[in-house]
file structure.txt (compact mmCIF, C-alpha atoms and all ligand atoms)
# COMPACT_ATOMS: atom_id res chain seq x y z
CA MET G 228 -13.38 10.33 81.23
CA SER G 229 -12.80 7.23 79.14
CA THR G 230 -12.24 3.79 80.61
CA GLU G 231 -10.27 1.04 78.95
CA ILE G 232 -12.67 -1.75 77.91
CA SER G 233 -11.08 -5.08 78.79
CA PRO G 234 -11.18 -7.90 76.21
CA GLU G 235 -13.46 -9.82 78.63
CA MET G 236 -15.92 -6.92 78.88
CA HIS G 237 -15.81 -6.47 75.11
CA ALA G 238 -16.63 -10.16 74.62
CA PHE G 239 -19.44 -9.92 77.19
CA LEU G 240 -21.03 -6.89 75.53
CA HIS G 241 -20.74 -8.58 72.16
CA GLU G 242 -22.48 -11.70 73.42
CA LEU G 243 -25.11 -9.94 75.53
CA PRO G 244 -28.48 -10.51 73.78
CA LYS G 245 -29.60 -7.15 72.45
CA CYS G 246 -32.90 -5.60 71.42
CA GLU G 247 -32.92 -2.57 69.15
CA HIS G 248 -35.93 -0.22 69.28
CA HIS G 249 -34.64 2.81 67.44
CA VAL G 250 -33.09 2.30 64.02
CA HIS G 251 -34.32 3.97 60.83
CA LEU G 252 -33.88 1.51 57.99
CA GLU G 253 -33.16 4.43 55.66
CA GLY G 254 -30.46 5.47 58.14
CA THR G 255 -28.60 2.21 57.49
CA LEU G 256 -27.87 3.35 53.93
CA GLY G 257 -24.12 3.87 53.81
CA PRO G 258 -21.90 4.94 50.89
CA GLU G 259 -21.16 1.28 50.04
CA LEU G 260 -24.80 0.82 48.97
CA LEU G 261 -25.80 4.42 48.20
CA PHE G 262 -23.43 4.97 45.28
CA PRO G 263 -24.05 1.56 43.60
CA LEU G 264 -27.83 2.02 43.94
CA ALA G 265 -27.60 5.51 42.42
CA LYS G 266 -25.78 3.96 39.47
CA ARG G 267 -28.09 0.94 39.17
CA ASN G 268 -31.19 3.15 39.24
CA ASN G 269 -29.76 5.97 37.08
CA ILE G 270 -30.30 8.51 39.83
CA GLU G 271 -28.52 11.78 39.34
CA LEU G 272 -27.59 13.02 42.80
CA PRO G 273 -27.79 16.80 43.39
CA LYS G 274 -24.81 18.85 42.14
CA ASP G 275 -23.63 19.60 45.70
CA PHE G 276 -23.89 15.95 46.85
CA PRO G 277 -20.51 14.35 47.65
CA THR G 278 -19.18 12.21 44.80
CA THR G 279 -16.75 9.98 46.72
CA VAL G 280 -17.00 7.82 49.82
CA GLU G 281 -14.39 10.08 51.48
CA GLU G 282 -16.34 13.28 50.78
CA LEU G 283 -19.53 11.68 52.04
CA GLN G 284 -17.74 10.44 55.16
CA TYR G 285 -16.47 13.97 55.79
CA LYS G 286 -20.09 15.19 55.78
CA TYR G 287 -21.09 12.39 58.16
CA ASP G 288 -18.34 13.44 60.56
CA ASN G 289 -19.35 17.10 60.62
CA PHE G 290 -23.10 17.44 61.16
CA LYS G 291 -24.02 20.74 62.80
CA ASP G 292 -27.35 19.55 64.17
CA LEU G 293 -30.39 17.36 63.45
CA GLN G 294 -31.54 19.43 60.45
CA ASP G 295 -28.08 19.34 58.86
CA PHE G 296 -28.22 15.53 59.04
CA LEU G 297 -31.82 15.31 57.82
CA ASP G 298 -30.99 17.37 54.72
CA LEU G 299 -28.48 14.70 53.66
CA TYR G 300 -30.64 11.78 54.83
CA TYR G 301 -33.62 12.72 52.63
CA VAL G 302 -31.41 13.13 49.56
CA GLY G 303 -29.63 9.83 50.32
CA MET G 304 -32.85 7.81 50.45
CA GLY G 305 -33.65 9.05 46.92
CA VAL G 306 -31.56 6.18 45.48
CA LEU G 307 -34.06 3.60 46.82
CA ILE G 308 -36.44 2.75 43.99
CA THR G 309 -37.33 -0.93 43.69
CA GLU G 310 -38.64 -3.54 46.13
CA GLU G 311 -35.24 -5.24 45.80
CA ASP G 312 -33.47 -2.01 46.93
CA PHE G 313 -35.56 -1.85 50.11
CA TYR G 314 -35.02 -5.56 50.74
CA GLU G 315 -31.24 -5.32 50.21
CA LEU G 316 -30.99 -2.33 52.54
CA ALA G 317 -32.88 -3.99 55.39
CA TRP G 318 -31.20 -7.36 54.92
CA ALA G 319 -27.74 -5.75 55.11
CA TYR G 320 -28.80 -4.11 58.40
CA PHE G 321 -30.09 -7.39 59.88
CA THR G 322 -26.90 -9.29 58.99
CA LYS G 323 -24.67 -6.56 60.46
CA ALA G 324 -26.73 -6.25 63.64
CA HIS G 325 -26.90 -10.05 64.00
CA ALA G 326 -23.10 -10.12 64.07
CA ASP G 327 -23.36 -7.59 66.94
CA GLY G 328 -25.56 -9.91 69.05
CA LEU G 329 -28.98 -8.55 68.04
CA HIS G 330 -31.97 -10.79 68.85
CA HIS G 331 -34.94 -8.48 68.40
CA ALA G 332 -35.38 -5.39 66.20
CA GLU G 333 -38.14 -2.80 66.01
CA THR G 334 -37.24 -0.88 62.88
CA PHE G 335 -38.52 2.50 61.72
CA PHE G 336 -39.16 3.50 58.15
CA ASP G 337 -40.30 6.78 56.56
CA PRO G 338 -42.84 6.03 53.80
CA GLN G 339 -43.53 9.69 53.08
CA GLY G 340 -39.90 10.12 52.01
CA HIS G 341 -40.61 7.57 49.28
CA LEU G 342 -44.24 8.32 48.42
CA GLU G 343 -43.33 11.91 47.53
CA ARG G 344 -40.84 10.51 44.98
CA GLY G 345 -43.49 8.34 43.37
CA ILE G 346 -42.51 5.07 45.07
CA SER G 347 -45.55 3.10 46.24
CA MET G 348 -46.25 1.98 49.79
CA GLU G 349 -46.41 -1.55 48.41
CA THR G 350 -42.86 -1.40 47.03
CA VAL G 351 -41.45 -0.13 50.31
CA VAL G 352 -43.32 -2.46 52.64
CA ASN G 353 -42.91 -5.57 50.49
CA GLY G 354 -39.14 -5.05 50.33
CA PHE G 355 -38.77 -4.48 54.08
CA LYS G 356 -41.14 -7.32 54.96
CA LYS G 357 -39.15 -9.78 52.84
CA ALA G 358 -35.99 -8.87 54.77
CA CYS G 359 -37.85 -9.13 58.11
CA ASP G 360 -39.13 -12.62 57.24
CA GLN G 361 -35.65 -13.72 56.21
CA ALA G 362 -34.13 -12.29 59.41
CA GLU G 363 -36.63 -14.27 61.50
CA LYS G 364 -36.05 -17.48 59.55
CA GLU G 365 -32.30 -17.43 58.97
CA LEU G 366 -30.97 -15.32 61.85
CA GLY G 367 -33.54 -15.96 64.60
CA ILE G 368 -34.12 -12.21 64.98
CA THR G 369 -37.71 -11.26 65.83
CA THR G 370 -38.78 -8.09 64.03
CA LYS G 371 -41.44 -5.37 64.08
CA LEU G 372 -41.87 -2.62 61.50
CA ILE G 373 -42.80 0.83 62.81
CA MET G 374 -44.05 3.37 60.29
CA CYS G 375 -42.98 6.93 61.12
CA LEU G 376 -44.74 10.10 60.05
CA LEU G 377 -42.55 13.01 59.01
CA ARG G 378 -43.37 15.88 61.33
CA HIS G 379 -42.26 18.54 58.83
CA LEU G 380 -45.21 17.50 56.63
CA PRO G 381 -48.83 18.42 57.45
CA ALA G 382 -50.88 16.12 59.69
CA LYS G 383 -53.30 15.67 56.76
CA ASP G 384 -50.46 14.05 54.82
CA GLY G 385 -49.87 11.85 57.87
CA LEU G 386 -53.52 10.76 57.91
CA ASP G 387 -53.38 9.95 54.18
CA THR G 388 -50.25 7.89 54.80
CA ILE G 389 -51.98 5.99 57.62
CA GLN G 390 -54.84 5.31 55.22
CA LEU G 391 -52.44 3.94 52.60
CA ALA G 392 -50.76 1.72 55.19
CA LYS G 393 -54.03 0.29 56.53
CA PRO G 394 -53.84 -3.01 54.63
CA TYR G 395 -50.39 -3.61 56.16
CA TYR G 396 -51.57 -2.83 59.68
CA GLN G 397 -54.51 -5.18 59.10
CA LYS G 398 -52.24 -7.97 57.86
CA GLY G 399 -49.91 -7.47 60.83
CA TRP G 400 -46.98 -6.45 58.64
CA ILE G 401 -46.64 -3.04 60.32
CA HIS G 402 -46.84 -2.98 64.11
CA GLY G 403 -46.24 0.57 65.22
CA LEU G 404 -46.64 4.27 64.53
CA GLY G 405 -43.81 6.73 65.18
CA LEU G 406 -43.05 10.39 64.55
CA ASP G 407 -39.68 11.69 63.38
CA SER G 408 -37.85 14.42 61.40
CA SER G 409 -37.26 18.06 62.48
CA GLU G 410 -38.47 18.22 66.07
CA LYS G 411 -38.44 21.76 67.42
CA PRO G 412 -40.59 23.54 64.81
CA PHE G 413 -43.18 20.72 64.73
CA PRO G 414 -44.46 19.90 68.25
CA PRO G 415 -46.39 16.72 69.09
CA GLU G 416 -49.82 18.37 69.31
CA LEU G 417 -49.83 18.86 65.51
CA PHE G 418 -50.27 15.08 65.18
CA GLU G 419 -52.96 14.43 67.79
CA GLU G 420 -55.50 13.45 65.14
CA CYS G 421 -53.14 10.92 63.52
CA TYR G 422 -52.45 9.21 66.84
CA ALA G 423 -56.10 9.33 67.91
CA HIS G 424 -57.06 7.70 64.62
CA MET G 425 -54.59 4.86 65.16
CA ALA G 426 -55.70 4.35 68.76
CA GLU G 427 -59.35 4.19 67.69
CA HIS G 428 -58.99 1.99 64.60
CA HIS G 429 -55.90 -0.08 65.45
CA PRO G 430 -55.69 -0.28 69.24
CA GLU G 431 -53.19 -3.14 68.96
CA VAL G 432 -50.56 -0.89 67.38
CA LEU G 433 -47.57 0.38 69.37
CA LEU G 434 -47.50 4.20 69.62
CA THR G 435 -44.16 5.94 69.95
CA ALA G 436 -42.66 9.32 69.00
CA HIS G 437 -39.30 11.07 68.83
CA ALA G 438 -39.27 13.61 71.65
CA GLY G 439 -36.69 15.39 73.74
CA GLU G 440 -33.87 15.02 71.22
CA GLU G 441 -33.60 18.73 70.47
CA GLY G 442 -36.98 19.68 71.97
CA GLY G 443 -37.40 20.26 75.69
CA PRO G 444 -39.21 18.13 78.31
CA GLU G 445 -42.55 19.64 77.25
CA PHE G 446 -42.25 17.70 73.97
CA ILE G 447 -42.08 14.50 76.01
CA HIS G 448 -44.98 15.50 78.27
CA LYS G 449 -47.12 16.29 75.24
CA SER G 450 -46.19 13.09 73.45
CA LEU G 451 -47.30 11.14 76.52
CA ASP G 452 -50.42 13.15 77.31
CA LEU G 453 -51.72 14.11 73.86
CA LEU G 454 -50.42 11.35 71.58
CA ASN G 455 -50.71 8.64 74.26
CA VAL G 456 -47.42 7.06 73.29
CA THR G 457 -46.08 4.24 75.45
CA ARG G 458 -42.46 4.79 74.45
CA ILE G 459 -40.29 7.85 73.85
CA ASP G 460 -37.58 7.89 71.18
CA HIS G 461 -34.47 9.71 72.48
CA GLY G 462 -35.90 11.45 75.56
CA VAL G 463 -32.50 12.86 76.51
CA ASN G 464 -33.96 16.17 77.65
CA SER G 465 -36.27 14.41 80.15
CA ILE G 466 -33.52 14.97 82.69
CA LYS G 467 -34.31 18.70 82.77
CA ASP G 468 -37.66 18.03 84.50
CA PRO G 469 -37.66 16.04 87.80
CA LEU G 470 -41.45 15.58 87.68
CA LEU G 471 -41.16 14.07 84.21
CA ILE G 472 -38.46 11.68 85.42
CA LYS G 473 -40.80 10.61 88.22
CA LYS G 474 -43.63 10.06 85.73
CA LEU G 475 -41.45 8.04 83.31
CA ALA G 476 -40.31 5.84 86.20
CA GLU G 477 -43.84 5.39 87.58
CA GLN G 478 -45.27 4.52 84.17
CA GLN G 479 -42.17 2.49 83.22
CA THR G 480 -42.04 4.32 79.88
CA MET G 481 -38.97 3.16 78.00
CA LEU G 482 -36.69 5.70 76.35
CA SER G 483 -34.86 4.54 73.22
CA LEU G 484 -31.49 6.20 73.68
CA CYS G 485 -29.08 6.66 70.74
CA PRO G 486 -25.69 7.63 72.19
CA MET G 487 -23.59 7.98 69.02
CA SER G 488 -26.39 9.85 67.27
CA ASN G 489 -26.67 12.26 70.20
CA LEU G 490 -22.95 12.93 69.99
CA LYS G 491 -22.85 13.36 66.18
CA LEU G 492 -25.90 15.64 66.13
CA ARG G 493 -24.51 17.67 69.06
CA VAL G 494 -27.38 16.90 71.42
CA VAL G 495 -24.58 16.34 73.96
CA GLU G 496 -20.92 17.34 73.81
CA ASP G 497 -19.80 14.00 75.17
CA ILE G 498 -21.49 10.60 75.55
CA GLY G 499 -20.44 10.78 79.21
CA ASP G 500 -22.85 13.73 79.59
CA LEU G 501 -25.90 11.54 78.83
CA PRO G 502 -28.10 11.18 81.95
CA ILE G 503 -27.75 7.41 82.07
CA ARG G 504 -26.73 7.16 85.75
CA GLU G 505 -29.60 9.45 86.72
CA TRP G 506 -32.12 7.33 84.78
CA ILE G 507 -30.85 4.14 86.40
CA ALA G 508 -31.01 5.73 89.87
CA ALA G 509 -34.56 6.98 89.24
CA GLY G 510 -35.75 3.67 87.72
CA VAL G 511 -36.41 5.05 84.22
CA PRO G 512 -36.02 2.19 81.70
CA PHE G 513 -34.04 2.83 78.53
CA SER G 514 -32.54 0.84 75.69
CA ILE G 515 -29.38 1.57 73.70
CA ASN G 516 -29.75 1.98 69.93
CA SER G 517 -28.01 3.09 66.75
CA ASP G 518 -30.64 5.47 65.18
CA ASP G 519 -28.98 5.96 61.76
CA PRO G 520 -25.89 3.76 62.02
CA ALA G 521 -24.51 4.42 58.53
CA TYR G 522 -24.51 8.16 59.23
CA PHE G 523 -23.31 8.16 62.84
CA GLY G 524 -20.44 5.71 62.58
CA GLY G 525 -21.70 2.75 64.57
CA TYR G 526 -24.19 -0.11 64.79
CA ILE G 527 -25.71 -1.40 68.01
CA LEU G 528 -22.58 -2.95 69.55
CA ASP G 529 -20.58 0.23 68.86
CA ASN G 530 -23.22 2.14 70.81
CA TYR G 531 -22.98 -0.30 73.75
CA LEU G 532 -19.18 0.04 73.67
CA ALA G 533 -19.38 3.84 73.48
CA VAL G 534 -21.48 3.82 76.65
CA GLN G 535 -19.13 1.39 78.39
CA ASP G 536 -16.15 3.52 77.38
CA LYS G 537 -17.61 6.50 79.24
CA PHE G 538 -19.50 4.86 82.11
CA GLY G 539 -17.49 1.72 82.92
CA PHE G 540 -20.57 -0.25 84.06
CA ASP G 541 -20.34 -3.67 85.74
CA ILE G 542 -22.10 -6.82 84.53
CA PRO G 543 -25.15 -6.46 86.87
CA THR G 544 -25.76 -2.96 85.47
CA TRP G 545 -25.56 -4.22 81.90
CA LYS G 546 -27.88 -7.07 82.85
CA LEU G 547 -30.44 -4.53 84.06
CA ILE G 548 -30.10 -2.48 80.85
CA ALA G 549 -30.54 -5.60 78.69
CA GLN G 550 -33.53 -6.79 80.77
CA ASN G 551 -35.19 -3.37 80.49
CA GLY G 552 -34.73 -3.56 76.71
CA VAL G 553 -36.52 -6.91 76.63
CA ASN G 554 -39.32 -5.79 78.93
CA GLY G 555 -39.88 -2.67 76.81
CA SER G 556 -40.04 -4.69 73.58
CA PHE G 557 -43.23 -5.11 71.64
CA VAL G 558 -43.26 -8.93 71.80
CA ALA G 559 -45.30 -11.66 73.45
CA LYS G 560 -44.44 -12.87 76.95
CA ALA G 561 -43.02 -16.17 75.69
CA ARG G 562 -40.43 -14.34 73.55
CA LYS G 563 -39.60 -12.01 76.43
CA ASP G 564 -39.05 -15.00 78.72
CA GLU G 565 -36.81 -16.60 76.11
CA LEU G 566 -34.71 -13.43 75.73
CA LEU G 567 -34.50 -12.94 79.52
CA ARG G 568 -33.26 -16.53 79.89
CA LEU G 569 -30.57 -15.92 77.28
CA ILE G 570 -29.47 -12.77 79.12
CA ASP G 571 -29.25 -14.75 82.41
CA GLU G 572 -27.09 -17.37 80.69
CA VAL G 573 -24.65 -14.89 79.17
CA CYS G 574 -24.36 -12.89 82.40
CA ALA G 575 -23.78 -16.05 84.45
CA LYS G 576 -21.09 -17.17 82.01
CA HIS G 577 -19.21 -13.87 82.30
CA GLN G 578 -19.77 -13.21 86.02
N1 LIG J 601 -32.42 11.15 64.99
C1 LIG J 601 -33.50 11.46 64.28
N2 LIG J 601 -34.35 12.40 64.74
C2 LIG J 601 -35.43 12.75 64.04
N3 LIG J 601 -35.73 12.22 62.87
C3 LIG J 601 -34.92 11.28 62.34
N4 LIG J 601 -34.99 10.60 61.20
C4 LIG J 601 -33.92 9.78 61.15
N5 LIG J 601 -33.17 9.95 62.24
C5 LIG J 601 -33.78 10.88 63.02
ZN ZN J 602 -34.42 8.45 65.26
call {"tool": "encode", "arguments": {"input": "structure.txt", "output": "structure tokens"}}
result
Amino acid sequence: MSTEISPEMHAFLHELPKCEHHVHLEGTLGPELLFPLAKRNNIELPKDFPTTVEELQYKYDNFKDLQDFLDLYYVGMGVLITEEDFYELAWAYFTKAHADGLHHAETFFDPQGHLERGISMETVVNGFKKACDQAEKELGITTKLIMCLLRHLPAKDGLDTIQLAKPYYQKGWIHGLGLDSSEKPFPPELFEECYAHMAEHHPEVLLTAHAGEEGGPEFIHKSLDLLNVTRIDHGVNSIKDPLLIKKLAEQQTMLSLCPMSNLKLRVVEDIGDLPIREWIAAGVPFSINSDDPAYFGGYILDNYLAVQDKFGFDIPTWKLIAQNGVNGSFVAKARKDELLRLIDEVCAKHQ
């Protein structure tokens, strides 16, 4: 069922202060930047890669599953070469998301997808950090960078990557460790050593992992119990296990839900099938995110609107969702209080 979103509700959702916890910076690379960067950097795209925006868009609209998307995603990021490319990419994301009412962003990046092409960690992190600093200064968006390990690569490669990123963890330029890429063939336990290393040497770092996107509830259990993550990225399949739902609610573990991604990658047939009402009823906190917005057809506000279109929530429910997003953010109490005050103001104005 779809509900008509009134202009008032649209304006409210636009204004509602938002936090994003699940966006891959490489997933913000759309055709409008991909093709010019390929040209600028003299990158010859593979023979079977689309050559026009329309052909690329057709691919984006017809992913069969997560792997089908990832195959295109890893080729796409091959046009990113210089520090300036990484900066431009992230800055374009921050400006777009700012226009959607974004106030705080915890952004993923995949260094191994660049290191294996001969791009240095320094190039990647310097470019992203420059955009983060500018977003804080010019747009008032607080930011955190979360480095993800690619689970289709060996854990040893992950440990080497952690080693390379150490100076940036020490400087406080990278704040989290995540785990992404093909889920089902590469379960969480393969990366126990990587997460244990981070917990031992950088206890201040946020630990999170993609789990329960295509994998079952056991991937979420193992991410919590073996990797000791305090957040779960996606977590859609948590609903298949009532005990897990109870545990997520008890521990107040936030799920970073990505509705349009879940639809495009066929995790669900319809956004209305997402277990959002069940999570709210059980007290499981979640935030709403864009994942790879250039590939899935929508930035953060589009994802909020897609949920509203199917669920028709009232303002108090949206207030709760926004508050949970703030409380699950990796920021100091003073910033949380500030964001919660802003949410109160916008909700009071639209009540
Ligand atoms: N939705 C997703 N799942 C797993 N890995 C990803 N990398 C980028 N987007 C991803
Ligand atoms: Zn993701």
call {"tool": "axis_aligned_box", "arguments": {"input": "structure.txt", "around": "ligand LIG 601 (chain J)", "padding_each_side": "6 Å", "output": "AutoDock Vina command-line options"}}
result
--center_x -34.1 --center_y 11.3 --center_z 63.1 --size_x 15.3 --size_y 15.0 --size_z 15.8
call {"tool": "closest_atom_pairs", "arguments": {"input": "structure.txt", "of": "chain G", "to": "ligand LIG 601 (chain J)", "cutoff": "6 Å", "atoms": "all atoms listed in the file", "output": "Markdown table"}}
result
| residue | atom | partner | partner_atom | distance |
| --- | --- | --- | --- | --- |
| G:His251 | CA | J:LIG601 | C4 | 5.8 |
| G:Asp407 | CA | J:LIG601 | N3 | 4.0 |
| G:Ser408 | CA | J:LIG601 | N3 | 3.4 |
| G:Ser409 | CA | J:LIG601 | C2 | 5.8 |
| G:Asp518 | CA | J:LIG601 | N5 | 5.9 |
| G:Asp519 | CA | J:LIG601 | N5 | 5.8 |
call {"tool": "atom_distance", "arguments": {"input": "structure.txt", "atom1": "atom CA of Pro415 of chain G", "atom2": "atom CA of Tyr395 of chain G"}}
result
24.4 Å
call {"tool": "atom_distance", "arguments": {"input": "structure.txt", "atom1": "atom CA of His237 of chain G", "atom2": "atom CA of Lys563 of chain G"}}
result
24.5 Å
call {"tool": "residues_near_ligand", "arguments": {"input": "structure.txt", "ligand": "ligand ZN 602 (chain J)", "cutoff": "10 Å", "atoms": "all atoms listed in the file", "output": "PDB file with C-alpha atoms, in the frame of the given file"}}
result
ATOM      1  CA  HIS G 248     -35.930  -0.220  69.280  1.00  0.00           C
ATOM      2  CA  HIS G 249     -34.640   2.810  67.440  1.00  0.00           C
ATOM      3  CA  VAL G 250     -33.090   2.300  64.020  1.00  0.00           C
ATOM      4  CA  HIS G 251     -34.320   3.970  60.830  1.00  0.00           C
ATOM      5  CA  GLY G 254     -30.460   5.470  58.140  1.00  0.00           C
ATOM      6  CA  LEU G 293     -30.390  17.360  63.450  1.00  0.00           C
ATOM      7  CA  PHE G 335     -38.520   2.500  61.720  1.00  0.00           C
ATOM      8  CA  PHE G 336     -39.160   3.500  58.150  1.00  0.00           C
ATOM      9  CA  CYS G 375     -42.980   6.930  61.120  1.00  0.00           C
ATOM     10  CA  GLY G 405     -43.810   6.730  65.180  1.00  0.00           C
ATOM     11  CA  LEU G 406     -43.050  10.390  64.550  1.00  0.00           C
ATOM     12  CA  ASP G 407     -39.680  11.690  63.380  1.00  0.00           C
ATOM     13  CA  SER G 408     -37.850  14.420  61.400  1.00  0.00           C
ATOM     14  CA  ALA G 436     -42.660   9.320  69.000  1.00  0.00           C
ATOM     15  CA  HIS G 437     -39.300  11.070  68.830  1.00  0.00           C
ATOM     16  CA  ALA G 438     -39.270  13.610  71.650  1.00  0.00           C
ATOM     17  CA  GLU G 440     -33.870  15.020  71.220  1.00  0.00           C
ATOM     18  CA  ASP G 460     -37.580   7.890  71.180  1.00  0.00           C
ATOM     19  CA  HIS G 461     -34.470   9.710  72.480  1.00  0.00           C
ATOM     20  CA  SER G 483     -34.860   4.540  73.220  1.00  0.00           C
ATOM     21  CA  LEU G 484     -31.490   6.200  73.680  1.00  0.00           C
ATOM     22  CA  CYS G 485     -29.080   6.660  70.740  1.00  0.00           C
ATOM     23  CA  SER G 488     -26.390   9.850  67.270  1.00  0.00           C
ATOM     24  CA  ASN G 489     -26.670  12.260  70.200  1.00  0.00           C
ATOM     25  CA  ASN G 516     -29.750   1.980  69.930  1.00  0.00           C
ATOM     26  CA  SER G 517     -28.010   3.090  66.750  1.00  0.00           C
ATOM     27  CA  ASP G 518     -30.640   5.470  65.180  1.00  0.00           C
ATOM     28  CA  ASP G 519     -28.980   5.960  61.760  1.00  0.00           C
TER      29      ASP G 519
END
call {"tool": "closest_residue", "arguments": {"input": "structure.txt", "among": "G:His330, G:His341, G:Lys266, G:His577", "to": "Glu253 of chain G", "atoms": "all atoms listed in the file"}}
result
G:His341
call {"tool": "residues_near_point", "arguments": {"input": "structure.txt", "point": "(-54.4, 16.6, 59.2)", "cutoff": "12 Å", "atoms": "all atoms listed in the file", "output": "VMD selection string"}}
result
chain G and resid 376 378 380 to 390 416 to 424
call {"tool": "closest_residue", "arguments": {"input": "structure.txt", "among": "G:Leu252, G:Leu243, G:Ala508, G:Ala362", "to": "Pro520 of chain G", "atoms": "all atoms listed in the file"}}
result
G:Leu252
call {"tool": "closest_residue", "arguments": {"input": "structure.txt", "among": "G:Ala319, G:Met374, G:Leu297, G:Ala575", "to": "Ile542 of chain G", "atoms": "only C-alpha atoms"}}
result
G:Ala575
call {"tool": "residues_around", "arguments": {"input": "structure.txt", "residues": "Ile346 of chain G", "least_positions_apart": "6", "cutoff": "9 Å", "atoms": "all atoms listed in the file", "output": "ChimeraX atom specification"}}
result
/G:307-309,338,340
call {"tool": "closest_residue", "arguments": {"input": "structure.txt", "among": "G:Lys323, G:His429, G:Lys474, G:Arg344", "to": "Leu451 of chain G", "atoms": "only C-alpha atoms"}}
result
G:Lys474
call {"tool": "atom_distance", "arguments": {"input": "structure.txt", "atom1": "atom CA of Met236 of chain G", "atom2": "atom CA of Met487 of chain G"}}
result
19.4 Å
call {"tool": "residues_around", "arguments": {"input": "structure.txt", "residues": "Tyr396 of chain G", "least_positions_apart": "6", "cutoff": "12 Å", "atoms": "only C-alpha atoms", "output": "ChimeraX atom specification"}}
result
/G:352,371-374,388-390,402-404,425,428-433
call {"tool": "closest_residue", "arguments": {"input": "structure.txt", "among": "G:Leu299, G:Leu264, G:Leu256, G:Leu434", "to": "Lys286 of chain G", "atoms": "only C-alpha atoms"}}
result
G:Leu299
call {"tool": "residues_near_point", "arguments": {"input": "structure.txt", "point": "(-36.9, 13.1, 82.1)", "cutoff": "12 Å", "atoms": "all atoms listed in the file", "output": "MDAnalysis selection string"}}
result
chainID G and resid 438:440 443:448 451 459 461:477 479:482 501:503 505:507 509:513
call {"tool": "write_last_selection", "arguments": {"input": "structure.txt", "atoms": "C-alpha atoms", "output": "PDB file, in the coordinates of the input"}}
result
ATOM      1  CA  ALA G 438     -39.270  13.610  71.650  1.00  0.00           C
ATOM      2  CA  GLY G 439     -36.690  15.390  73.740  1.00  0.00           C
ATOM      3  CA  GLU G 440     -33.870  15.020  71.220  1.00  0.00           C
ATOM      4  CA  GLY G 443     -37.400  20.260  75.690  1.00  0.00           C
ATOM      5  CA  PRO G 444     -39.210  18.130  78.310  1.00  0.00           C
ATOM      6  CA  GLU G 445     -42.550  19.640  77.250  1.00  0.00           C
ATOM      7  CA  PHE G 446     -42.250  17.700  73.970  1.00  0.00           C
ATOM      8  CA  ILE G 447     -42.080  14.500  76.010  1.00  0.00           C
ATOM      9  CA  HIS G 448     -44.980  15.500  78.270  1.00  0.00           C
ATOM     10  CA  LEU G 451     -47.300  11.140  76.520  1.00  0.00           C
ATOM     11  CA  ILE G 459     -40.290   7.850  73.850  1.00  0.00           C
ATOM     12  CA  HIS G 461     -34.470   9.710  72.480  1.00  0.00           C
ATOM     13  CA  GLY G 462     -35.900  11.450  75.560  1.00  0.00           C
ATOM     14  CA  VAL G 463     -32.500  12.860  76.510  1.00  0.00           C
ATOM     15  CA  ASN G 464     -33.960  16.170  77.650  1.00  0.00           C
ATOM     16  CA  SER G 465     -36.270  14.410  80.150  1.00  0.00           C
ATOM     17  CA  ILE G 466     -33.520  14.970  82.690  1.00  0.00           C
ATOM     18  CA  LYS G 467     -34.310  18.700  82.770  1.00  0.00           C
ATOM     19  CA  ASP G 468     -37.660  18.030  84.500  1.00  0.00           C
ATOM     20  CA  PRO G 469     -37.660  16.040  87.800  1.00  0.00           C
ATOM     21  CA  LEU G 470     -41.450  15.580  87.680  1.00  0.00           C
ATOM     22  CA  LEU G 471     -41.160  14.070  84.210  1.00  0.00           C
ATOM     23  CA  ILE G 472     -38.460  11.680  85.420  1.00  0.00           C
ATOM     24  CA  LYS G 473     -40.800  10.610  88.220  1.00  0.00           C
ATOM     25  CA  LYS G 474     -43.630  10.060  85.730  1.00  0.00           C
ATOM     26  CA  LEU G 475     -41.450   8.040  83.310  1.00  0.00           C
ATOM     27  CA  ALA G 476     -40.310   5.840  86.200  1.00  0.00           C
ATOM     28  CA  GLU G 477     -43.840   5.390  87.580  1.00  0.00           C
ATOM     29  CA  GLN G 479     -42.170   2.490  83.220  1.00  0.00           C
ATOM     30  CA  THR G 480     -42.040   4.320  79.880  1.00  0.00           C
ATOM     31  CA  MET G 481     -38.970   3.160  78.000  1.00  0.00           C
ATOM     32  CA  LEU G 482     -36.690   5.700  76.350  1.00  0.00           C
ATOM     33  CA  LEU G 501     -25.900  11.540  78.830  1.00  0.00           C
ATOM     34  CA  PRO G 502     -28.100  11.180  81.950  1.00  0.00           C
ATOM     35  CA  ILE G 503     -27.750   7.410  82.070  1.00  0.00           C
ATOM     36  CA  GLU G 505     -29.600   9.450  86.720  1.00  0.00           C
ATOM     37  CA  TRP G 506     -32.120   7.330  84.780  1.00  0.00           C
ATOM     38  CA  ILE G 507     -30.850   4.140  86.400  1.00  0.00           C
ATOM     39  CA  ALA G 509     -34.560   6.980  89.240  1.00  0.00           C
ATOM     40  CA  GLY G 510     -35.750   3.670  87.720  1.00  0.00           C
ATOM     41  CA  VAL G 511     -36.410   5.050  84.220  1.00  0.00           C
ATOM     42  CA  PRO G 512     -36.020   2.190  81.700  1.00  0.00           C
ATOM     43  CA  PHE G 513     -34.040   2.830  78.530  1.00  0.00           C
TER      44      PHE G 513
END
call {"tool": "closest_residue", "arguments": {"input": "structure.txt", "among": "G:Glu349, G:Glu282, G:Glu310, G:Glu271", "to": "Trp400 of chain G", "atoms": "all atoms listed in the file"}}
result
G:Glu349
call {"tool": "residues_around", "arguments": {"input": "structure.txt", "residues": "His325 of chain G", "least_positions_apart": "5", "cutoff": "12 Å", "atoms": "all atoms listed in the file", "output": "MDAnalysis selection string"}}
result
chainID G and resid 241:247 318:320 330:332 362:363 365:369 526:528
call {"tool": "residues_around", "arguments": {"input": "structure.txt", "residues": "Ala533 of chain G", "least_positions_apart": "3", "cutoff": "9 Å", "atoms": "all atoms listed in the file", "output": "PyMOL selection string"}}
result
chain G and resi 486-487+498+528-530+536-538
